[in-house]
Amino acid sequence: MGGPVMPTASAIAAQRPLESAARLTGGLLHQWQQRNVTASLPLAVRQLAAAGNLDNLRLAIAADAQADAGAADAAGVADAAASGGAGPSGYHGPVFMDSDIYKTLEAIGWELGRGPRPTLRDFAASTIGLLEQVQQPDGYLNSYVQATGEPRYSHLASSHEMYCDGHLIQAAIALHRAAGGSRALRIATRVADHLVSEFASQEKGLDGHPIIETALAELYRETGKTAYLELARQFVDQRGHGLAGDSGLGHRYLQDATPVRESVTEVGHVVRALYLEAGVADVAVETGDRELLASSVRRWSDMVATKTYLTGGNGSRHSDEGFGDRFELPPDRAYNETCAAIASFQWSWRLLLATGDATYADHMERVLYNGFAGAIATSGDRFFYVNPLQRREDHYEGDDPGRRRIWFKCACCPPNIMRLLASVQYYLATVGVGAGQADDTLSVQQYAAARLSGADLDIEIDTDYPWSGTVTVRVLDAPAQARGLALRIPPWSAATAVLEINDSPERTVTSPDGYLLVRRRWQAGDELRLRLDLTPRWAIPDRRVDAVRGCAAIERGPLVYCFEQADQGVALEELAVSAGTALTERAATVDGVGPTVQIIADGRHVRLPAIAIPYFQWDNRGPGAMRVWVPGD
């Protein structure tokens with residue numbers, strides 16, 4: 001049992017994931033997770049059939065069978081088997097359609113670990129059966145290549161072959177760890193063995209879209225086979241030497257212009273860059289390479305300081321789905337792909353485990369509740385691919401109406417959302433390692449109503465976070481020896497957090513390293529009550545961000561707020577605010593949005609107060625303008 005990231009005992013680590021998953025019991029994260037299993041995943045199962053993802057596997061099976069029989073070439077068979085809307089060979093959609101299947105299977109794996117899901121279990125079993133038939137004798141598996149008859153690995157800059165392999169491996173690990181299934185893991189290890197035989201100790205090429213690096217490292221953790229880690233290390237070290245080829249957008253786009261250890265800032269396609277960083281962190285900690293780890297930390301710090309939006313999103317350019325220059329962060333032109341938020345979350349988790357620095361958990365929280373959560377409709381069946389911080393009333397770009405959609409032709413984001421929500425409980429807490437927090441300390445990294453166990457402590461957390469700042473930690477079971485409980489104190493409440501232990505008087509607490517550590521001999525029934533200050537606050541942008549200079553935004557606790565046209569008494573483009581204006585909050589239930597906490601501010605040129613709602617709740621009441629940053633008066 002274990003979550004998506006389980007470093008070995010010899011890895012560089014300051015924190016370790018819990019050996020057993022936390023269980024969400026209530027609150028916002030629990031609601032999102034339940035919505036994921038009741039609305040989002042059933043939608044994915046339907047869409048994988050409707051969009052042709054599963055048909056592609058069947059095309060590959062038919063093509064291989066005919067090729068073996070010598071009756072026809074693979075393309076001809078594919079044409080005969082094709083249904084409407086397919087490409088010239090009968091193949092449906094982009095070359096990486098298999099990856100949508102694998103991300104959905106990963107989400108199902110984590111869900112099966114939470115309880116019986118007969119429909120999802122049956123879908124997983126039947127799909128794994130198809131994959132067993134598609135996989136070739138030497139372990140190779142790719143429906144596009146097999147259905148079309150294209151040569152293997154001949155277009156690595158754009159073929160996404162190893163990208164698909166990476167998602168397959170991650171799905172297999174989820175199904176094995178959480179659900180106890182071994183069929184998918186057998187497929188994945190055969191794929192990995194094939195990659196080792198094809199690429200190990202060679203300069204044959206790199207996939208244009210990283211993710212295989214972190215997948216191979218995790219497969220090493222799951223199986224103990226060092227060849228997988230060595231291949232991941234090789235791919236990381238070979239990056240920056242032009243081995244990925246040219247996708248038409250240059251080597252920077254593919255993170256292949258500068259060796260990883262020499263790179264100081266993130267460039268190119270955001271999702272590719274951040275998936276690569278997750279692999280860099282995994283390779284660094286498992287090989288004991290502190291120099292490599294330090295390079296990843298350096299780029300993370302630069303990215304968060306200069307290339308990250310208030311919502312935690314990354315990517316300011318639509319043209320290459322990429323990072324812009326430092327401080328190039330236009331709100332209306334923000335790309336902020338949902339997959340990038342997920343990759344950023346995953347990278348930050350790995351650096352948190354490696355270093356124990358609360359800054360990474362702080363950023364994960366920002367991403368989770370804003371840049372990530374904003375991509376999902378309240379209903380759980382519509383999604384954003386792009387997450388701007390401003391939409392004008394007349395917004396139109398190509399075929400983008402500025403609304404969430406049920407699915408996409410390039411559907412990477414919806415199943416990616418689903419796999420994170422299905423596994424979010426694994427990111428709530430850690431156990432300390434070595435200096436700073438000993439291995440007898442349970443550290444709560446994210447606040448949610450939950451049951452969790454670690455460092456021989458069994459606790460339950462009761463909270464309505466992020467709507468409420470009160471977090472009650474109740475000890476259910478504890479050893480006779482002293483144990484530590486560490487509670488992360490977010491920077492927005494660092495000077496105002498209040499703690500009460502059992503019946504002791506409340507006291508203001510300090511957290512110089514981002515954590516409040518309480519060490520004592522605990523007994524069943526002991527309670528800690530932490531009160532975090534959720535007073536709404538104004539955010540002022542760095543003066544170097546030209547696009548929003550002179551503007552202000554609102555935050556409350558971990559939530560970034562936005563002004564949506566539906567709540568205003570004037571056209572949103574006329575709204576101006578004073579950053580010194582008092583802010584008041586009001587709990588409300590809004591049609592289409594549901595329960596929320598609104599923030600009310602005085603606005604210039606308006607007869608009625610300006611009302612803001614959490615950014616993640618926008619676009620649930622029909623089309624209309626929205627903005628996070630509002631000009632000052």
# chains A, B, ... in the order shown; residues from 1 in each chain; ligands from 1
>>> residues_around(residues="stretch 128-145 of chain A", least_positions_apart="6", cutoff="7 Å", atoms="only C-alpha atoms", output="PyMOL selection string")
chain A and resi 56-57+60-61+91+95+98+151-152+161+184+187+190-191+194
>>> residues_around(residues="stretch 271-277 of chain A", least_positions_apart="4", cutoff="7 Å", atoms="only C-alpha atoms", output="ChimeraX atom specification")
/A:209-211,213,255,266,281,296,339-340,343-344,347
>>> write_last_selection(atoms="C-alpha atoms", output="PDB file, in the first residue's frame")
ATOM      1  CA  HIS A 209       7.327  14.853 -23.970  1.00  0.00           C
ATOM      2  CA  PRO A 210       8.905  13.859 -20.650  1.00  0.00           C
ATOM      3  CA  ILE A 211       7.183  11.724 -18.051  1.00  0.00           C
ATOM      4  CA  GLU A 213      11.673   9.540 -16.266  1.00  0.00           C
ATOM      5  CA  GLN A 255      13.781  21.313 -22.682  1.00  0.00           C
ATOM      6  CA  GLU A 266      12.161  26.965 -16.800  1.00  0.00           C
ATOM      7  CA  ALA A 281      13.759  15.053  -8.393  1.00  0.00           C
ATOM      8  CA  SER A 296      15.818  21.377  -9.474  1.00  0.00           C
ATOM      9  CA  CYS A 339      -2.014  19.675 -16.689  1.00  0.00           C
ATOM     10  CA  ALA A 340       0.695  22.180 -15.760  1.00  0.00           C
ATOM     11  CA  ALA A 343       2.643  18.676 -12.786  1.00  0.00           C
ATOM     12  CA  SER A 344       3.628  21.599 -10.546  1.00  0.00           C
ATOM     13  CA  TRP A 347       7.029  18.336  -8.510  1.00  0.00           C
TER      14      TRP A 347
END
>>> closest_atom_pairs(of="stretch 297-381 of chain A", to="stretch 425-432 of chain A", cutoff="9 Å", atoms="only C-alpha atoms", output="tab-separated table")
residue	atom	partner	partner_atom	distance
A:Trp349	CA	A:Tyr427	CA	7.7
A:Leu353	CA	A:Thr430	CA	8.0
A:Gly356	CA	A:Gly432	CA	7.8
>>> write_last_selection(atoms="N, CA, C and O atoms", output="CSV table (one decimal), in the first residue's frame")
chain,number,residue,atom,x,y,z
A,349,TRP,N,5.6,18.3,-4.4
A,349,TRP,CA,5.5,17.2,-3.4
A,349,TRP,C,6.9,16.5,-3.3
A,349,TRP,O,7.3,16.2,-2.2
A,353,LEU,N,9.2,16.3,0.1
A,353,LEU,CA,9.7,15.0,0.7
A,353,LEU,C,11.3,15.1,0.8
A,353,LEU,O,11.8,14.6,1.8
A,356,GLY,N,12.0,18.8,3.2
A,356,GLY,CA,11.2,19.1,4.4
A,356,GLY,C,10.8,20.6,4.5
A,356,GLY,O,10.3,21.0,5.6
>>> closest_residue(among="A:Asp439, A:Cys562, A:Glu460, A:Leu516", to="A:Pro331", atoms="only C-alpha atoms")
A:Cys562
>>> atom_distance(atom1="atom CA of A:Val304", atom2="atom CA of A:Cys413")
21.9 Å
>>> atom_distance(atom1="atom CA of A:Ser301", atom2="atom CA of A:Ala13")
18.9 Å
>>> closest_atom_pairs(of="stretch 116-147 of chain A", to="stretch 37-42 of chain A", cutoff="10 Å", atoms="only C-alpha atoms", output="tab-separated table")
residue	atom	partner	partner_atom	distance
A:Arg117	CA	A:Val37	CA	8.8
A:Thr119	CA	A:Pro42	CA	8.7
A:Leu120	CA	A:Pro42	CA	7.9
>>> select_by_dssp(residues="stretch 463-601 of chain A", states="helix (DSSP H, G or I)", output="PyMOL selection string")
chain A and resi 491-493+546-548+565-567+572-574
